[in-house]
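Novice: Structure file target14.txt (compact mmCIF, C-alpha atoms) right here:
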# COMPACT_ATOMS: atom_id res chain seq x y z
CA MET K 9 -33.48 2.88 -21.81
CA LYS K 10 -35.79 4.03 -24.61
CA GLN K 11 -35.16 7.32 -26.25
CA SER K 12 -36.89 9.29 -28.93
CA PRO K 13 -34.93 9.60 -32.19
CA GLN K 14 -35.05 13.40 -31.87
CA LYS K 15 -33.26 13.49 -28.52
CA MET K 16 -29.85 11.88 -28.03
CA GLU K 17 -29.18 10.92 -24.46
CA THR K 18 -25.97 12.31 -23.01
CA PRO K 19 -24.02 9.77 -20.94
CA ARG K 20 -24.09 10.99 -17.36
CA THR K 21 -20.73 11.67 -15.75
CA VAL K 22 -20.64 12.63 -12.07
CA ASN K 23 -17.30 13.34 -10.36
CA GLY K 24 -15.56 12.09 -13.49
CA VAL K 25 -17.29 8.71 -13.10
CA LYS K 26 -19.47 7.48 -15.96
CA VAL K 27 -22.42 6.55 -13.80
CA ASP K 28 -24.39 4.81 -16.54
CA GLU K 29 -21.42 2.48 -17.05
CA LEU K 30 -21.18 2.04 -13.28
CA PHE K 31 -24.83 0.98 -13.05
CA GLY K 32 -24.32 -1.18 -16.16
CA THR K 33 -21.44 -2.94 -14.40
CA ILE K 34 -23.57 -3.52 -11.30
CA ASP K 35 -26.35 -5.04 -13.41
CA ALA K 36 -23.90 -7.24 -15.32
CA VAL K 37 -22.33 -8.50 -12.06
CA LYS K 38 -25.75 -9.28 -10.60
CA LYS K 39 -26.47 -11.46 -13.64
CA ALA K 40 -23.03 -13.12 -13.73
CA PRO K 41 -21.19 -12.79 -10.39
CA VAL K 42 -18.16 -14.64 -11.79
CA ILE K 43 -17.12 -11.53 -13.76
CA ALA K 44 -16.60 -9.72 -10.43
CA LYS K 45 -13.75 -12.05 -9.42
CA PHE K 46 -10.53 -10.09 -9.86
CA LYS K 47 -6.89 -10.98 -9.28
CA PHE K 48 -4.47 -8.09 -8.86
CA ARG K 49 -0.75 -8.67 -9.32
CA ALA K 50 2.68 -7.17 -8.73
CA ASN K 51 6.27 -8.20 -9.30
CA ASN K 52 9.13 -7.02 -7.14
CA GLN K 53 12.85 -6.98 -7.73
CA TRP K 54 15.30 -6.30 -4.93
CA ILE K 55 18.03 -3.86 -5.93
CA ASP K 56 20.22 -3.05 -2.91
CA GLY K 57 19.66 -2.50 0.81
CA GLY K 58 16.21 -0.99 1.34
CA HIS K 59 15.87 -0.22 -2.38
CA ASN K 60 13.56 -2.43 -4.41
CA ARG K 61 11.31 -2.00 -7.44
CA THR K 62 7.73 -3.13 -7.98
CA THR K 63 6.23 -3.47 -11.45
CA VAL K 64 2.47 -3.61 -11.99
CA LYS K 65 1.64 -4.90 -15.44
CA ASN K 66 -1.65 -6.75 -15.59
CA PHE K 67 -4.62 -8.06 -13.69
CA TYR K 68 -7.43 -10.57 -14.13
CA GLY K 69 -11.11 -9.69 -14.16
CA THR K 70 -14.30 -10.38 -16.15
CA GLN K 71 -12.76 -13.81 -16.83
CA HIS K 72 -9.80 -12.38 -18.76
CA ASP K 73 -6.31 -11.03 -18.20
CA HIS K 74 -5.94 -7.32 -18.90
CA ASP K 75 -2.72 -5.39 -19.51
CA HIS K 76 -2.29 -1.87 -18.20
CA LYS K 77 -1.59 0.64 -20.99
CA GLU K 78 2.00 0.59 -19.80
CA PRO K 79 3.68 -1.13 -16.85
CA PHE K 80 3.81 1.02 -13.70
CA VAL K 81 7.21 1.00 -12.01
CA LEU K 82 7.41 1.93 -8.33
CA ASP K 83 10.68 2.28 -6.43
CA ALA K 84 10.72 1.88 -2.67
CA ASP K 85 13.60 2.75 -0.37
CA GLU K 86 14.25 3.88 3.19
CA PRO K 87 15.42 7.35 4.26
CA PRO K 88 19.01 7.66 5.58
CA LEU K 89 17.72 7.57 9.17
CA LEU K 90 16.51 4.03 8.39
CA LEU K 91 19.75 3.15 6.57
CA GLY K 92 18.56 3.73 3.02
CA ARG K 93 19.27 6.28 0.30
CA ASP K 94 15.79 7.81 0.06
CA LEU K 95 15.25 6.74 -3.55
CA GLY K 96 11.50 6.31 -3.06
CA PRO K 97 8.76 6.22 -0.44
CA ASN K 98 9.26 3.45 2.07
CA PRO K 99 6.90 0.46 2.24
CA VAL K 100 4.73 1.81 5.08
CA GLU K 101 4.37 5.11 3.19
CA TYR K 102 3.16 3.06 0.19
CA ALA K 103 0.59 1.49 2.53
CA LEU K 104 -0.71 4.97 3.44
CA THR K 105 -0.77 5.83 -0.27
CA ALA K 106 -2.89 2.76 -0.99
CA LEU K 107 -5.30 3.68 1.81
CA ALA K 108 -5.55 7.36 0.85
CA ALA K 109 -6.17 6.57 -2.82
CA CYS K 110 -8.73 3.87 -2.06
CA VAL K 111 -10.82 5.76 0.49
CA THR K 112 -10.80 8.77 -1.86
CA SER K 113 -11.92 6.77 -4.92
CA SER K 114 -14.53 4.91 -2.90
CA ILE K 115 -16.07 8.21 -1.77
CA VAL K 116 -15.95 9.56 -5.35
CA TYR K 117 -17.54 6.49 -6.99
CA HIS K 118 -20.23 5.93 -4.39
CA ALA K 119 -21.10 9.65 -4.20
CA ALA K 120 -21.39 9.60 -8.01
CA ALA K 121 -23.79 6.65 -7.82
CA LYS K 122 -25.92 8.70 -5.40
CA GLY K 123 -25.73 11.75 -7.68
CA VAL K 124 -23.74 13.78 -5.15
CA VAL K 125 -21.34 16.16 -6.90
CA ILE K 126 -17.93 16.54 -5.25
CA ARG K 127 -16.15 19.76 -6.13
CA SER K 128 -12.86 19.07 -4.36
CA MET K 129 -11.40 16.66 -1.84
CA GLU K 130 -8.08 16.51 -0.03
CA SER K 131 -6.92 14.37 2.84
CA ARG K 132 -3.98 13.90 5.18
CA LEU K 133 -3.00 10.66 6.84
CA GLU K 134 -0.78 9.76 9.75
CA GLY K 135 0.05 6.35 11.18
CA ASP K 136 2.04 5.31 14.25
CA ILE K 137 4.75 2.67 14.19
CA ASP K 138 7.04 1.74 17.08
CA LEU K 139 10.24 0.41 15.51
CA GLN K 140 10.92 -1.75 18.56
CA GLY K 141 8.65 -4.22 16.74
CA PHE K 142 10.51 -4.35 13.42
CA LEU K 143 13.88 -4.37 15.16
CA GLY K 144 12.84 -7.41 17.17
CA ILE K 145 13.53 -5.67 20.48
CA LYS K 146 10.10 -6.20 22.01
CA ASP K 147 7.89 -9.05 20.86
CA ASP K 148 4.74 -7.49 22.33
CA VAL K 149 5.14 -4.36 20.16
CA PRO K 150 3.39 -4.80 16.78
CA ARG K 151 5.70 -4.61 13.78
CA GLY K 152 3.17 -2.59 11.79
CA TYR K 153 0.87 0.36 12.29
CA GLN K 154 -0.65 0.71 15.74
CA GLU K 155 -3.26 3.13 14.41
CA ILE K 156 -3.88 5.13 11.23
CA ARG K 157 -5.82 8.40 11.10
CA MET K 158 -7.20 9.97 7.91
CA TYR K 159 -8.64 13.49 7.87
CA VAL K 160 -10.72 14.48 4.85
CA ASN K 161 -11.44 17.98 3.56
CA ILE K 162 -14.35 17.84 1.14
CA ASP K 163 -16.36 20.39 -0.78
CA ALA K 164 -19.50 18.72 -2.11
CA ASP K 165 -22.93 19.64 -3.32
CA ALA K 166 -24.50 18.67 -0.01
CA PRO K 167 -25.47 20.44 3.21
CA PRO K 168 -22.72 20.46 5.87
CA GLU K 169 -24.59 17.93 8.01
CA LYS K 170 -24.51 15.46 5.10
CA LEU K 171 -20.74 15.67 4.60
CA GLU K 172 -19.96 13.15 7.32
CA GLU K 173 -22.27 10.69 5.62
CA ILE K 174 -20.45 11.20 2.30
CA VAL K 175 -17.03 10.74 3.92
CA ARG K 176 -18.30 7.55 5.59
CA LEU K 177 -18.79 6.03 2.12
CA GLY K 178 -14.97 5.67 2.13
CA PRO K 179 -14.54 3.29 5.06
CA THR K 180 -17.81 1.57 4.17
CA TYR K 181 -16.76 0.55 0.65
CA SER K 182 -12.97 0.92 0.34
CA PRO K 183 -11.15 -2.36 -0.44
CA VAL K 184 -7.86 -1.13 1.07
CA PHE K 185 -9.58 0.17 4.22
CA ASP K 186 -11.13 -3.29 4.55
CA THR K 187 -7.82 -5.03 3.80
CA ILE K 188 -6.04 -3.11 6.57
CA THR K 189 -8.79 -3.29 9.20
CA ARG K 190 -9.99 -6.88 8.68
CA ALA K 191 -6.91 -9.16 9.05
CA VAL K 192 -6.41 -10.63 5.58
CA PRO K 193 -4.58 -13.96 5.21
CA VAL K 194 -1.24 -13.51 3.44
CA THR K 195 1.07 -16.39 2.52
CA VAL K 196 4.75 -15.78 1.76
CA GLN K 197 6.65 -18.76 0.41
CA LEU K 198 9.55 -19.86 -1.73
CA ASP K 199 8.71 -19.92 -5.42
CA LYS K 200 9.23 -23.56 -6.35
CA MET M 28 35.65 -4.64 18.67
CA LYS M 29 39.32 -3.93 19.36
CA GLN M 30 41.60 -2.98 16.56
CA SER M 31 45.26 -2.32 16.19
CA PRO M 32 46.18 1.28 15.32
CA GLN M 33 47.79 0.05 12.09
CA LYS M 34 44.56 -1.43 10.78
CA MET M 35 41.49 0.76 10.13
CA GLU M 36 38.24 -1.07 10.55
CA THR M 37 36.03 -1.05 7.48
CA PRO M 38 32.33 -0.48 8.21
CA ARG M 39 30.55 -3.73 7.45
CA THR M 40 27.89 -3.61 4.75
CA VAL M 41 25.83 -6.74 4.08
CA ASN M 42 23.15 -6.74 1.36
CA GLY M 43 23.64 -2.97 1.05
CA VAL M 44 22.72 -2.54 4.72
CA LYS M 45 25.29 -0.91 7.02
CA VAL M 46 25.06 -3.51 9.73
CA ASP M 47 27.16 -1.61 12.27
CA GLU M 48 24.70 1.27 12.01
CA LEU M 49 21.84 -1.22 12.29
CA PHE M 50 23.24 -2.67 15.52
CA GLY M 51 23.97 0.90 16.70
CA THR M 52 20.31 1.78 16.13
CA ILE M 53 19.18 -1.30 18.05
CA ASP M 54 21.43 -0.36 21.00
CA ALA M 55 20.23 3.26 20.94
CA VAL M 56 16.57 2.17 20.93
CA LYS M 57 17.17 -0.23 23.82
CA LYS M 58 18.55 2.70 25.87
CA ALA M 59 15.85 5.21 24.81
CA PRO M 60 12.75 3.45 23.41
CA VAL M 61 11.06 6.81 22.71
CA ILE M 62 13.30 7.34 19.66
CA ALA M 63 11.66 4.28 18.05
CA LYS M 64 8.24 5.98 17.92
CA PHE M 65 7.65 6.96 14.30
CA LYS M 66 4.77 8.70 12.56
CA PHE M 67 4.52 8.22 8.80
CA ARG M 68 2.44 10.64 6.73
CA ALA M 69 0.82 11.17 3.36
CA ASN M 70 -1.35 13.80 1.71
CA ASN M 71 -3.84 13.04 -1.02
CA GLN M 72 -5.55 15.25 -3.56
CA TRP M 73 -8.46 14.03 -5.62
CA ILE M 74 -8.15 14.97 -9.29
CA ASP M 75 -11.02 13.41 -11.25
CA GLY M 76 -12.91 10.12 -11.20
CA GLY M 77 -10.59 7.37 -10.00
CA HIS M 78 -7.53 9.60 -10.45
CA ASN M 79 -5.94 11.03 -7.32
CA ARG M 80 -2.44 11.99 -6.23
CA THR M 81 -0.60 11.19 -3.00
CA THR M 82 2.40 13.20 -1.85
CA VAL M 83 4.83 11.85 0.75
CA LYS M 84 6.99 14.61 2.17
CA ASN M 85 8.06 13.99 5.73
CA PHE M 86 7.83 11.74 8.74
CA TYR M 87 8.49 11.86 12.47
CA GLY M 88 11.06 9.72 14.29
CA THR M 89 13.85 9.95 16.87
CA GLN M 90 11.79 12.79 18.37
CA HIS M 91 12.07 15.01 15.28
CA ASP M 92 10.37 15.65 11.97
CA HIS M 93 12.42 14.65 8.93
CA ASP M 94 11.93 15.76 5.32
CA HIS M 95 12.52 13.37 2.46
CA LYS M 96 15.20 14.63 0.04
CA GLU M 97 12.35 15.52 -2.28
CA PRO M 98 8.58 14.91 -2.03
CA PHE M 99 7.45 11.64 -3.63
CA VAL M 100 4.39 12.03 -5.86
CA LEU M 101 2.27 8.97 -6.58
CA ASP M 102 -0.69 8.97 -8.96
CA ALA M 103 -3.42 6.38 -8.58
CA ASP M 104 -6.15 5.64 -11.09
CA GLU M 105 -8.34 2.80 -12.28
CA PRO M 106 -8.05 0.97 -15.60
CA PRO M 107 -10.81 1.58 -18.20
CA LEU M 108 -12.51 -1.68 -17.16
CA LEU M 109 -13.04 -0.06 -13.74
CA LEU M 110 -14.08 3.26 -15.30
CA GLY M 111 -10.76 5.08 -15.02
CA ARG M 112 -8.12 6.26 -17.49
CA ASP M 113 -5.24 4.05 -16.31
CA LEU M 114 -3.03 6.98 -15.26
CA GLY M 115 -1.46 4.99 -12.41
CA PRO M 116 -1.69 1.77 -10.45
CA ASN M 117 -4.99 1.42 -8.64
CA PRO M 118 -5.20 1.52 -4.85
CA VAL M 119 -5.22 -2.24 -4.33
CA GLU M 120 -2.17 -2.54 -6.60
CA TYR M 121 -0.46 0.04 -4.35
CA ALA M 122 -1.33 -2.21 -1.39
CA LEU M 123 0.48 -5.13 -3.10
CA THR M 124 3.42 -2.79 -3.80
CA ALA M 125 3.62 -1.86 -0.11
CA LEU M 126 3.55 -5.52 0.89
CA ALA M 127 6.12 -6.62 -1.72
CA ALA M 128 8.53 -3.83 -0.82
CA CYS M 129 8.18 -4.39 2.91
CA VAL M 130 8.56 -8.16 2.97
CA THR M 131 11.58 -7.80 0.66
CA SER M 132 13.28 -5.16 2.81
CA SER M 133 12.53 -7.06 5.99
CA ILE M 134 14.23 -10.16 4.59
CA VAL M 135 17.20 -8.07 3.41
CA TYR M 136 17.72 -6.19 6.70
CA HIS M 137 17.24 -9.19 9.00
CA ALA M 138 19.40 -11.45 6.81
CA ALA M 139 22.09 -8.74 6.94
CA ALA M 140 21.89 -8.68 10.73
CA LYS M 141 22.49 -12.45 10.69
CA GLY M 142 25.37 -12.06 8.24
CA VAL M 143 23.54 -13.92 5.46
CA VAL M 144 24.51 -12.55 2.04
CA ILE M 145 21.65 -12.31 -0.47
CA ARG M 146 22.77 -12.27 -4.08
CA SER M 147 19.38 -11.66 -5.71
CA MET M 148 15.72 -11.73 -4.83
CA GLU M 149 12.54 -11.40 -6.86
CA SER M 150 8.94 -12.00 -5.98
CA ARG M 151 5.50 -12.10 -7.52
CA LEU M 152 2.26 -11.39 -5.72
CA GLU M 153 -1.37 -12.07 -6.43
CA GLY M 154 -4.44 -11.17 -4.42
CA ASP M 155 -8.11 -12.00 -4.89
CA ILE M 156 -10.90 -9.43 -4.73
CA ASP M 157 -14.56 -10.04 -5.48
CA LEU M 158 -15.98 -6.71 -6.67
CA GLN M 159 -19.44 -7.67 -5.44
CA GLY M 160 -18.16 -6.26 -2.13
CA PHE M 161 -17.04 -2.84 -3.37
CA LEU M 162 -20.12 -2.50 -5.55
CA GLY M 163 -22.34 -3.11 -2.53
CA ILE M 164 -24.10 -6.02 -4.21
CA LYS M 165 -23.43 -8.59 -1.49
CA ASP M 166 -22.80 -7.48 2.08
CA ASP M 167 -21.22 -10.80 3.06
CA VAL M 168 -18.50 -10.45 0.41
CA PRO M 169 -15.46 -8.59 1.81
CA ARG M 170 -14.67 -5.31 0.05
CA GLY M 171 -10.93 -5.96 0.17
CA TYR M 172 -8.54 -8.83 -0.49
CA GLN M 173 -9.81 -12.27 0.37
CA GLU M 174 -6.28 -13.67 0.28
CA ILE M 175 -2.85 -12.52 -0.89
CA ARG M 176 -0.07 -14.87 -2.03
CA MET M 177 3.59 -13.89 -2.37
CA TYR M 178 6.14 -16.17 -4.04
CA VAL M 179 9.81 -15.39 -3.47
CA ASN M 180 12.78 -16.39 -5.62
CA ILE M 181 15.95 -15.92 -3.66
CA ASP M 182 19.62 -16.64 -4.26
CA ALA M 183 21.48 -16.41 -0.96
CA ASP M 184 24.68 -17.59 0.60
CA ALA M 185 22.91 -20.36 2.48
CA PRO M 186 22.15 -24.03 1.90
CA PRO M 187 18.82 -24.71 0.12
CA GLU M 188 17.23 -26.01 3.30
CA LYS M 189 17.93 -22.69 5.01
CA LEU M 190 16.23 -20.59 2.31
CA GLU M 191 12.76 -21.08 3.76
CA GLU M 192 14.01 -19.79 7.09
CA ILE M 193 15.43 -16.68 5.40
CA VAL M 194 12.20 -16.03 3.51
CA ARG M 195 10.26 -16.41 6.78
CA LEU M 196 12.13 -13.37 8.14
CA GLY M 197 9.80 -11.35 5.86
CA PRO M 198 6.43 -12.23 7.41
CA THR M 199 8.04 -12.36 10.85
CA TYR M 200 9.30 -8.76 10.82
CA SER M 201 7.54 -6.88 8.00
CA PRO M 202 5.45 -3.91 9.21
CA VAL M 203 3.16 -4.01 6.15
CA PHE M 204 2.67 -7.79 6.42
CA ASP M 205 1.66 -7.19 10.03
CA THR M 206 -0.57 -4.23 9.09
CA ILE M 207 -2.49 -6.32 6.55
CA THR M 208 -2.78 -9.51 8.59
CA ARG M 209 -3.49 -8.06 12.06
CA ALA M 210 -6.60 -5.78 11.72
CA VAL M 211 -5.25 -2.28 12.38
CA PRO M 212 -7.65 0.41 13.64
CA VAL M 213 -8.16 3.13 11.00
CA THR M 214 -10.24 6.26 11.59
CA VAL M 215 -11.54 8.31 8.66
CA GLN M 216 -13.15 11.61 9.58
CA LEU M 217 -13.90 15.11 8.39
CA ASP M 218 -10.98 17.49 8.90
CA LYS M 219 -12.42 20.12 11.23
Show this structure as structure tokens.
Specialist:
Amino acid sequence: MKQSPQKMETPRTVNGVKVDELFGTIDAVKKAPVIAKFKFRANNQWIDGGHNRTTVKNFYGTQHDHDHKEPFVLDADEPPLLLGRDLGPNPVEYALTALAACVTSSIVYHAAAKGVVIRSMESRLEGDIDLQGFLGIKDDVPRGYQEIRMYVNIDADAPPEKLEEIVRLGPTYSPVFDTITRAVPVTVQLDK
Amino acid sequence: MKQSPQKMETPRTVNGVKVDELFGTIDAVKKAPVIAKFKFRANNQWIDGGHNRTTVKNFYGTQHDHDHKEPFVLDADEPPLLLGRDLGPNPVEYALTALAACVTSSIVYHAAAKGVVIRSMESRLEGDIDLQGFLGIKDDVPRGYQEIRMYVNIDADAPPEKLEEIVRLGPTYSPVFDTITRAVPVTVQLDK
């Protein structure tokens, strides 16, 4: 964009998102779609019983590997009721965390792209699991979530009747929402 | 199991899992399936840009609410390449964490029930995402993972040809594996 030498342009930030960079990324991807191919990664080490530890160190994108500033270390465990020692959230609580974070960020980024200012946002999630599935008692009971519900409280610079539209940006664009609702192929195999 | 009064029976623990309690749970659920109905929960607060915070405090099961020993607090953010400040794993990395932890625990618990001792287990995961989906550039590109691969290194008290069978306990019983591969209904709505 041209600018007069007298007037410096301030980079626009909406909802904490640098929207000029966001539009720059979109333009760059349109020109070279290969840079949009990402690979996300995690390593897990079993410790004892329901306790295990995931480390997230790096990912691939824009045709390069990228390290996180520091590795993120995430302990999972089960509560005593599920025979663990409660040393971390359990795996299905991590799944809700992934969903909550992703729907939230998707609303924030896409609202920013539309110039909609969000002042605050909170949400609560609940998902139903019948343990007869995991325990192998009934084969017709799913092992995982039967349903997940997310309720969003949002204060945004938009008339009340527009708020539903803003919240809908979450399920429309969220990668984790899509991953959970679409049936993604997952292979689990011995590391040869 | 009968025991002589001279000899106290030691509770059996395999892979850190109290297997007598595990079988006790299975028997209890068979008698009263309602106790197997669980509700897992999470709350999320948006902070700024891609940074938000999930808190996991309690869950419902065996017809009661249960508090975790302490609330678990999980920050999510995006790396600078995705316009964040790298203050935590991003949402799709949390999804891999959930999957890694769940497949691992499912192998550990079900191997314990079969009396198979696991000495160590590690895994690495990788999943592919094409950001053209999230960015709304191409509607036929999925927003979420196109495929996820998990590679498991396991040292167990079993002959090599049995290791694949043990690893397969993960995808067979894991709630998060099922949640990602089955297409779970998720509703996202305004909190009224």
Novice: Would you pick out the contacts of range 122-133 of chain K at 9 Å or less, using all atoms listed in the file, so that residues sharing its chain but fewer than 3 positions from it are not included, and give the list as a ChimeraX atom specification?
Specialist: /K:22-23,27,104-105,107-108,112,116-119,156-166,174 /M:67-74,217-218
Novice: Using only C-alpha atoms, which protein or nucleic acid residues come within 9 Å of Lys66 in chain M? Drop anything in the same chain fewer than 6 positions from it, and give the result as a list in words.
Specialist: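 The residues satisfying every condition are Glu134, Gly135, Asp136, Ile137 and Asp138 of chain K; Phe86, Tyr87, Gly88 and Asp92 of chain M.
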Novice: Could you check the closest approach to Asn117 in chain M for each of K:Ala40, K:Val184, K:Ile145, K:Ala191 and tell me which residue wins, using all atoms listed in the file?
Specialist: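 Counting all atoms listed in the file, the residue closest to Asn117 in chain M is K:Val184.
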Novice: Tell me, in Å to one decimal, how far CA of Gly58 in chain K is from CA of Asp85 in chain K.
Specialist: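 Here the two named atoms are 4.9 Å from each other.
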Novice: Find the residues near range 48-51 of chain M: any atom within 12 Å, counting all atoms listed in the file, skip ones fewer than 5 places away on the same chain, and give them as a VMD selection string.
Specialist: (chain K and resid 57 88 to 92 142 to 145) or (chain M and resid 38 to 41 43 56 to 58 136 to 141)
Novice: Around all of range 110-125 of chain K's listed atoms, make the axis-aligned box with 3 Å on each side and tell me centre and edge lengths in Å to one decimal, as AutoDock Vina command-line options.
Specialist:
--center_x -17.3 --center_y 10.0 --center_z -3.8 --size_x 23.2 --size_y 18.3 --size_z 14.5
Novice: Given the choices K:Asp56, K:Asp186, K:Glu78, K:Asp28, which gets closest to Ile134 in chain M if the distance is worked out from all atoms listed in the file?
Specialist: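 With all atoms listed in the file as the atom set, the closest residue is K:Asp56.
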Novice: In Å to one decimal, how far is CA of Asp83 in chain K from CA of Gly96 in chain K?
Specialist: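 Pair CA of Gly96 in chain K / CA of Asp83 in chain K returns 5.3 Å.
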Novice: Could you list as a list in words every residue that has an atom within 6 Å of (-9.5, -3.9, 0.5), using the file's coordinates and counting all atoms listed in the file?
Specialist: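 Here is the list of nearby residues: Ser182, Pro183, Val184, Phe185, Asp186 and Thr187 of chain K; Arg170, Gly171 and Tyr172 of chain M.
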Novice: Go through K:Glu101, K:Thr189, K:Glu173, K:Pro167 and flag the residue nearest Gln154 in chain K, using only C-alpha atoms for the distances.
Specialist: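 Of all the options, K:Thr189 lies closest to Gln154 in chain K.
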Novice: Using all atoms listed in the file, pick whichever of K:Gln71, K:Thr195, K:Thr180, K:Thr63 has the shortest atom-to-atom distance to chain M.
Specialist: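 Using all atoms listed in the file, chain M sits closest to K:Thr195.
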Novice: Of the residues K:Lys146, K:Arg190, K:His72, K:Lys170, which is the one nearest to chain M, using all atoms listed in the file?
Specialist: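 So, comparing all the options, the nearest one is K:Arg190.
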Novice: Quick one: of M:Leu114, M:Val44, M:Val130, M:Leu196, who's nearest to chain K, counting all atoms listed in the file?
Specialist: M:Val44
Novice: Work out how far CA of Pro106 in chain M is from CA of Ser132 in chain M, in Å to one decimal.
Specialist: 28.8 Å
